[in-house]
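Trainee: My questions will all concern the structure given below.
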Amino acid sequence: MLMFSNTHILVPEFELITPHTIEEAAGLAGELPSTALMAGGTDLLVQMKMEQRTPSRVIHLGRIPGLDRVTDAACLDLGATASIRTVGSTPGIVARYTALAEACQAFSTVQITVMGTIGGNVCNASPAADTAPALLVLDAVARVVSTSRSRDVPINEFFVAPGRTVLEAGEILESIRVPRITGTYGSTFFKMSRVTADISKVSVAVSLVRDGDSVEQCRIALGAVAATPLRATGAEATLTGAVLTESVIEEAAGVARGEITPISDVRSTATYRRQVAGVLVGDAIRSAWARSGGGVIR
Ligand SMILES: Cc1cc2nc3c(=O)[nH]c(=O)nc-3n(C[C@H](O)[C@H](O)[C@H](O)COP(=O)(O)OP(=O)(O)OC[C@H]3O[C@@H](n4cnc5c(N)ncnc54)[C@H](O)[C@@H]3O)c2cc1C
């Protein structure tokens, strides 16, 4: 049997182009059907080595000035090639957008976090992409550009299927924006993987706004338990407006278990994923609540 592995060399020839503006990159991206955009290359080059993708032209986005920006003024503005390491270690993100920082810190190895980018993570559209649940609970918006238009796509509409996003031919993710957060607010990301240096079996992010003993607003999102990262809107509804108690948390965790459609694969079984998803949802709610300044949950 012919086996392909990550240790293979890159066999097919391809042209490598390094544009210096996003307009130039967008023009090139629209020219050929067999074009691949590359940011850090930590997903793309593996796919090319394994001959799952054989582009004749690779457009490297890593030399476009400003595309790796991380700024936090009216909103958190992350350029598409901002590295996972930068996003996970920026003090303002750690303090205010904690779930996103924790998702980046949960990545497997230093090498991957230095090379890998936030844009590559979401555009690769793996159901297990670690930043996806965090961006979902933070109501992030993707800015997409092409030679003819620019559009904003809410992140909960961005993922279509495993490996597929709403991006059309010639479109490039320019940035991800996260609205500024105020008030008594907390967020958390948890990941379960086989070993530290592995992608998620299950991941969960929770954000909530607290009003005294009650949950004013809540977002719950999960990764690696469906064809795309997803919001558990039924579980969110269970919490919204409720005084937070252990029984409400258990109810929300149970509802979340019913909203996912996990599969069995090399990393885990569907049964295990469903069970652990509920446990992680409960733990993440407790953690986000504590971070919002909430008191003891009874
Ligand atoms: C050993 C190893 C460990 C890993 N561990 C983790 C982990 O713990 N958690 C995790 O979530 N992932 C992990 N990954 C996957 C990968 O590192 C991440 O998904 C990373 O964020 C990808 O970013 P990149 O810049 O390298 O993407 P690239 O490989 O450059 O691109 C990925 C895809 O996105 C497209 N793309 C990139 N940028 C853009 C853009 N601006 N606009 C449009 N399309 C674009 C590319 O065409 C390609 O299809 C791991 C990978 C490896 C090899």
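Scheme for the structure tokens: letters A, B, ... for chains in order shown; per-chain residue numbers from 1; ligand numbers from 1 in order shown.
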Residues within 6 Å of ligand 1 (only C-alpha atoms and all ligand atoms), as an mmCIF file with N, CA and C atoms, in the first residue's frame?
Mentor:
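Written file, pocket_11.cif:
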data_model
loop_
_atom_site.group_PDB
_atom_site.id
_atom_site.type_symbol
_atom_site.label_atom_id
_atom_site.label_comp_id
_atom_site.auth_asym_id
_atom_site.auth_seq_id
_atom_site.Cartn_x
_atom_site.Cartn_y
_atom_site.Cartn_z
ATOM 1 N N ALA A 36 -2.364 28.637 -4.872
ATOM 2 C CA ALA A 36 -2.580 28.481 -3.434
ATOM 3 C C ALA A 36 -1.982 29.678 -2.720
ATOM 4 N N LEU A 37 -2.753 30.228 -1.781
ATOM 5 C CA LEU A 37 -2.215 31.269 -0.910
ATOM 6 C C LEU A 37 -1.468 30.590 0.222
ATOM 7 N N MET A 38 -0.350 31.188 0.633
ATOM 8 C CA MET A 38 0.397 30.623 1.757
ATOM 9 C C MET A 38 0.735 31.736 2.742
ATOM 10 N N ALA A 39 0.456 31.498 4.022
ATOM 11 C CA ALA A 39 0.869 32.441 5.064
ATOM 12 C C ALA A 39 2.086 31.833 5.754
ATOM 13 N N GLY A 40 1.887 31.065 6.818
ATOM 14 C CA GLY A 40 3.024 30.397 7.465
ATOM 15 C C GLY A 40 3.386 29.078 6.810
ATOM 16 N N GLY A 41 2.469 28.491 6.081
ATOM 17 C CA GLY A 41 2.737 27.233 5.371
ATOM 18 C C GLY A 41 2.624 25.981 6.227
ATOM 19 N N THR A 42 2.227 26.105 7.484
ATOM 20 C CA THR A 42 2.253 24.920 8.372
ATOM 21 C C THR A 42 1.120 23.935 8.055
ATOM 22 N N ASP A 43 0.076 24.387 7.404
ATOM 23 C CA ASP A 43 -0.940 23.464 6.876
ATOM 24 C C ASP A 43 -0.670 23.194 5.400
ATOM 25 N N LEU A 44 -0.461 24.256 4.624
ATOM 26 C CA LEU A 44 -0.360 24.101 3.168
ATOM 27 C C LEU A 44 0.801 23.190 2.777
ATOM 28 N N ALA A 80 -4.236 39.285 8.869
ATOM 29 C CA ALA A 80 -4.344 37.843 8.605
ATOM 30 C C ALA A 80 -3.054 37.084 8.881
ATOM 31 N N PHE A 107 -1.787 25.839 21.258
ATOM 32 C CA PHE A 107 -1.211 25.224 20.064
ATOM 33 C C PHE A 107 -0.045 24.331 20.471
ATOM 34 N N SER A 108 0.234 23.368 19.584
ATOM 35 C CA SER A 108 1.082 22.252 19.979
ATOM 36 C C SER A 108 2.542 22.603 20.246
ATOM 37 N N ILE A 112 5.411 25.810 15.491
ATOM 38 C CA ILE A 112 4.128 26.014 14.799
ATOM 39 C C ILE A 112 3.542 27.377 15.167
ATOM 40 N N MET A 115 5.459 30.171 13.173
ATOM 41 C CA MET A 115 5.193 30.198 11.721
ATOM 42 C C MET A 115 3.700 30.323 11.402
ATOM 43 N N GLY A 116 2.869 29.655 12.171
ATOM 44 C CA GLY A 116 1.429 29.605 11.889
ATOM 45 C C GLY A 116 0.764 30.948 12.152
ATOM 46 N N THR A 117 -0.268 31.237 11.389
ATOM 47 C CA THR A 117 -0.944 32.534 11.503
ATOM 48 C C THR A 117 -2.423 32.340 11.854
ATOM 49 N N ILE A 118 -3.005 33.428 12.343
ATOM 50 C CA ILE A 118 -4.438 33.395 12.671
ATOM 51 C C ILE A 118 -5.253 33.217 11.388
ATOM 52 N N GLY A 119 -4.836 33.892 10.312
ATOM 53 C CA GLY A 119 -5.571 33.772 9.049
ATOM 54 C C GLY A 119 -5.480 32.371 8.480
ATOM 55 N N GLY A 120 -4.290 31.774 8.537
ATOM 56 C CA GLY A 120 -4.124 30.401 8.040
ATOM 57 C C GLY A 120 -4.952 29.420 8.845
ATOM 58 N N ASN A 121 -5.048 29.652 10.150
ATOM 59 C CA ASN A 121 -5.806 28.741 11.010
ATOM 60 C C ASN A 121 -7.280 28.726 10.619
ATOM 61 N N CYS A 123 -8.615 29.960 7.671
ATOM 62 C CA CYS A 123 -8.829 29.661 6.247
ATOM 63 C C CYS A 123 -8.606 28.184 5.929
ATOM 64 N N ASN A 124 -7.799 27.503 6.731
ATOM 65 C CA ASN A 124 -7.631 26.060 6.522
ATOM 66 C C ASN A 124 -8.921 25.313 6.841
ATOM 67 N N ALA A 129 -9.637 23.545 14.321
ATOM 68 C CA ALA A 129 -8.824 24.773 14.398
ATOM 69 C C ALA A 129 -9.024 25.429 15.765
ATOM 70 N N ASP A 130 -7.945 25.598 16.497
ATOM 71 C CA ASP A 130 -8.096 26.033 17.894
ATOM 72 C C ASP A 130 -8.610 27.459 18.049
ATOM 73 N N ILE A 172 -9.127 36.999 -0.548
ATOM 74 C CA ILE A 172 -8.097 36.819 0.490
ATOM 75 C C ILE A 172 -8.665 37.319 1.811
ATOM 76 N N LEU A 173 -8.392 36.585 2.873
ATOM 77 C CA LEU A 173 -8.731 37.095 4.207
ATOM 78 C C LEU A 173 -7.717 38.184 4.540
ATOM 79 N N GLU A 174 -8.197 39.406 4.767
ATOM 80 C CA GLU A 174 -7.282 40.507 5.071
ATOM 81 C C GLU A 174 -7.056 40.637 6.572
ATOM 82 N N ASP A 198 -0.486 17.997 19.864
ATOM 83 C CA ASP A 198 -1.459 17.403 18.946
ATOM 84 C C ASP A 198 -2.649 18.353 18.813
ATOM 85 N N ILE A 199 -3.400 18.159 17.728
ATOM 86 C CA ILE A 199 -4.596 18.993 17.590
ATOM 87 C C ILE A 199 -5.708 18.447 18.486
#
Trainee: Out of A:Ala161, A:Ile93, A:Ala224, A:Ala140, which residue has the shortest atom-to-atom distance to Lys201 of chain A when counting only C-alpha atoms?
Mentor: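 Distance minimum relative to Lys201 of chain A lands on A:Ala224.
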Trainee: Identify which of the residues A:Thr238, A:Gln105, A:Ser150, A:Thr81 lies closest to Glu251 of chain A, counting only C-alpha atoms when measuring atom-to-atom distances.
Mentor: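 Looking at the shortest contact to Glu251 of chain A, the residue is A:Thr238.
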Trainee: Considering only C-alpha atoms, return as a list of chain:residue names whatever protein or nucleic-acid residues lie within 8 Å of Ala103 of chain A, sequence-local ones (same chain, fewer than 2 positions apart) excluded.
Mentor: A:Gly88, A:Ala99, A:Leu100, A:Ala101, A:Gln105, A:Ala106, A:Phe107, A:Asp130, A:Thr131, A:Ala134, A:Phe189, A:Phe190, A:Lys191
Trainee: For N, CA and C atoms, I'd like the residues from the last selection saved as a compact mmCIF listing (two decimals), in the first residue's frame.
Mentor:
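Saved to out.txt:
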# COMPACT_ATOMS: atom_id res chain seq x y z
N GLY A 88 -1.18 35.09 20.95
CA GLY A 88 -1.29 34.44 22.26
C GLY A 88 -0.49 35.10 23.35
N ALA A 99 -10.05 34.08 26.00
CA ALA A 99 -10.29 32.81 25.30
C ALA A 99 -9.41 32.71 24.06
N LEU A 100 -9.24 33.82 23.34
CA LEU A 100 -8.42 33.79 22.12
C LEU A 100 -6.95 33.58 22.46
N ALA A 101 -6.47 34.28 23.50
CA ALA A 101 -5.07 34.09 23.91
C ALA A 101 -4.85 32.64 24.33
N GLN A 105 -2.27 29.86 22.93
CA GLN A 105 -1.30 29.23 23.83
C GLN A 105 -1.43 27.71 23.83
N ALA A 106 -2.62 27.20 23.45
CA ALA A 106 -2.87 25.75 23.47
C ALA A 106 -2.31 25.06 22.23
N PHE A 107 -1.79 25.84 21.26
CA PHE A 107 -1.21 25.22 20.06
C PHE A 107 -0.04 24.33 20.47
N ASP A 130 -7.95 25.60 16.50
CA ASP A 130 -8.10 26.03 17.89
C ASP A 130 -8.61 27.46 18.05
N THR A 131 -8.27 28.35 17.11
CA THR A 131 -8.73 29.73 17.31
C THR A 131 -10.23 29.88 16.99
N ALA A 134 -12.82 30.21 19.92
CA ALA A 134 -12.59 31.48 20.63
C ALA A 134 -13.12 32.65 19.80
N PHE A 189 -10.96 29.35 27.17
CA PHE A 189 -10.84 28.30 26.15
C PHE A 189 -10.22 27.06 26.78
N PHE A 190 -10.81 25.90 26.55
CA PHE A 190 -10.24 24.63 27.01
C PHE A 190 -10.10 23.68 25.83
N LYS A 191 -9.04 22.89 25.86
CA LYS A 191 -8.79 21.93 24.78
C LYS A 191 -8.41 20.59 25.37
Trainee: Between A:Asp213, A:Glu168, A:Asp283, A:Asp265, which is the closest to Glu250 of chain A once you count only C-alpha atoms?
Mentor: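 Closest residue, counting only C-alpha atoms: A:Asp283.
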Trainee: With a distance cut-off of 9 Å and only C-alpha atoms, select the neighbouring residues of Thr109 of chain A, excluding the residue or stretch itself and same-chain residues fewer than 5 positions from it, and output the selection as a list in words.
Mentor: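 Skipping anything fewer than 5 positions along the chain leaves Val114, Thr196, Ala197 and Asp198 of chain A.
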Trainee: Pick out the closest residue to Leu280 of chain A from this set: A:Arg267, A:Arg149, A:His20, A:Arg257. Count only C-alpha atoms.
Mentor: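 Smallest separation from Leu280 of chain A among the options: A:Arg257.
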Trainee: Would you kindly return, as an MDAnalysis selection string, each protein, DNA or RNA residue with an atom no farther than 7 Å from any atom of Arg143 of chain A, considering only C-alpha atoms and excluding same-chain residues fewer than 4 positions away?
Mentor: chainID A and resid 151:153 173:176
Trainee: Give the answer as one residue: which of A:Ile64, A:Val209, A:Val266, A:Ile220 has the shortest atom-to-atom distance to Gly282 of chain A, using only C-alpha atoms?
Mentor: A:Ile220
Trainee: Which residues are near Pro19 of chain A? Cut-off 9 Å, only C-alpha atoms, ignore same chain within fewer than 2 positions. Put them as a list in words.
Mentor: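 In the requested format, the answer is Ile17, Thr21, Ile22, Glu23, Glu24, Ala25, Leu28, Ile59, His60, Leu61, Gly62, Arg63 and Ile64 of chain A.
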Trainee: Go ahead and write the residues just picked, N, CA and C atoms, as a CSV table (one decimal), in the first residue's frame.
Mentor:
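Output file selection28.csv is given in full below:
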chain,number,residue,atom,x,y,z
A,17,ILE,N,5.6,33.1,-5.6
A,17,ILE,CA,5.5,34.6,-5.8
A,17,ILE,C,5.3,35.2,-4.5
A,21,THR,N,2.0,43.9,-1.7
A,21,THR,CA,0.8,44.6,-1.3
A,21,THR,C,-0.4,43.6,-1.4
A,22,ILE,N,-1.4,43.9,-0.6
A,22,ILE,CA,-2.6,43.0,-0.7
A,22,ILE,C,-3.3,43.0,-2.0
A,23,GLU,N,-3.3,44.2,-2.7
A,23,GLU,CA,-3.9,44.4,-4.0
A,23,GLU,C,-3.2,43.5,-5.0
A,24,GLU,N,-1.8,43.5,-4.9
A,24,GLU,CA,-1.0,42.6,-5.8
A,24,GLU,C,-1.4,41.2,-5.6
A,25,ALA,N,-1.5,40.8,-4.3
A,25,ALA,CA,-1.8,39.4,-4.0
A,25,ALA,C,-3.1,39.0,-4.5
A,28,LEU,N,-3.1,38.4,-8.2
A,28,LEU,CA,-2.4,37.2,-8.6
A,28,LEU,C,-3.4,36.0,-8.2
A,59,ILE,N,1.3,31.7,-3.7
A,59,ILE,CA,1.5,33.2,-3.4
A,59,ILE,C,1.7,33.3,-1.9
A,60,HIS,N,2.9,33.8,-1.5
A,60,HIS,CA,3.3,33.9,-0.1
A,60,HIS,C,2.9,35.3,0.4
A,61,LEU,N,2.0,35.2,1.4
A,61,LEU,CA,1.5,36.5,2.0
A,61,LEU,C,2.4,37.1,3.1
A,62,GLY,N,3.5,36.4,3.4
A,62,GLY,CA,4.2,36.7,4.6
A,62,GLY,C,5.1,38.0,4.5
A,63,ARG,N,5.2,38.6,3.3
A,63,ARG,CA,6.0,39.8,3.2
A,63,ARG,C,5.2,41.0,2.9
A,64,ILE,N,3.9,41.0,3.2
A,64,ILE,CA,3.1,42.2,2.9
A,64,ILE,C,3.1,43.0,4.2
Trainee: Which parts of segment 229-280 of chain A does DSSP call helix (DSSP H, G or I) when run on the backbone here, written out as a ChimeraX atom specification?
Mentor: /A:233-239,246-259,270-280
Trainee: What does the distance from atom CA of Val255 of chain A to atom CA of Ala237 of chain A come to in Å, to one decimal?
Mentor: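 Taking atom CA of Val255 of chain A as the start and atom CA of Ala237 of chain A as the end point, the length is 9.6 Å.
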Trainee: Between A:Val215, A:Leu32, A:Ala74, A:Ile9, which is the closest to Leu45 of chain A once you count only C-alpha atoms?
Mentor: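 Once distances to Leu45 of chain A are computed over only C-alpha atoms, the minimum belongs to A:Ile9.
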Trainee: Residues within 10 Å of Val279 of chain A, please, as a list in words. Count only C-alpha atoms; anything in the same chain fewer than 4 positions from it doesn't count.
Mentor: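 Using only C-alpha atoms, the neighbours found are Val204, Glu250, Ala253, Gly254, Arg257, Arg273, Arg274, Gln275, Asp283 and Ala284 of chain A.
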Trainee: For the selection you just gave me, I'd like the residues written to a file as an mmCIF file, in the first residue's frame, keeping N, CA and C atoms.
Mentor:
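Wrote again_27.cif, looks like this:
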data_model
loop_
_atom_site.group_PDB
_atom_site.id
_atom_site.type_symbol
_atom_site.label_atom_id
_atom_site.label_comp_id
_atom_site.auth_asym_id
_atom_site.auth_seq_id
_atom_site.Cartn_x
_atom_site.Cartn_y
_atom_site.Cartn_z
ATOM 1 N N VAL A 204 -13.447 23.807 23.550
ATOM 2 C CA VAL A 204 -14.632 24.576 23.973
ATOM 3 C C VAL A 204 -14.188 25.990 24.338
ATOM 4 N N GLU A 250 -25.256 22.264 34.550
ATOM 5 C CA GLU A 250 -25.426 20.870 34.095
ATOM 6 C C GLU A 250 -26.441 20.787 32.963
ATOM 7 N N ALA A 253 -24.760 22.068 29.824
ATOM 8 C CA ALA A 253 -23.797 21.075 29.319
ATOM 9 C C ALA A 253 -24.536 19.951 28.590
ATOM 10 N N GLY A 254 -25.670 19.538 29.151
ATOM 11 C CA GLY A 254 -26.463 18.479 28.507
ATOM 12 C C GLY A 254 -27.021 18.934 27.167
ATOM 13 N N ARG A 257 -24.259 18.919 24.592
ATOM 14 C CA ARG A 257 -23.975 17.548 24.102
ATOM 15 C C ARG A 257 -24.924 17.160 22.969
ATOM 16 N N ARG A 273 -15.975 11.917 22.714
ATOM 17 C CA ARG A 273 -16.038 13.358 22.396
ATOM 18 C C ARG A 273 -17.317 13.978 22.971
ATOM 19 N N ARG A 274 -18.448 13.270 22.836
ATOM 20 C CA ARG A 274 -19.711 13.831 23.323
ATOM 21 C C ARG A 274 -19.664 13.980 24.847
ATOM 22 N N GLN A 275 -19.130 12.957 25.520
ATOM 23 C CA GLN A 275 -19.064 13.001 26.978
ATOM 24 C C GLN A 275 -18.159 14.152 27.443
ATOM 25 N N ASP A 283 -17.019 23.164 32.746
ATOM 26 C CA ASP A 283 -15.810 23.760 33.345
ATOM 27 C C ASP A 283 -15.538 25.155 32.772
ATOM 28 N N ALA A 284 -15.769 25.313 31.468
ATOM 29 C CA ALA A 284 -15.497 26.619 30.845
ATOM 30 C C ALA A 284 -16.494 27.668 31.323
#
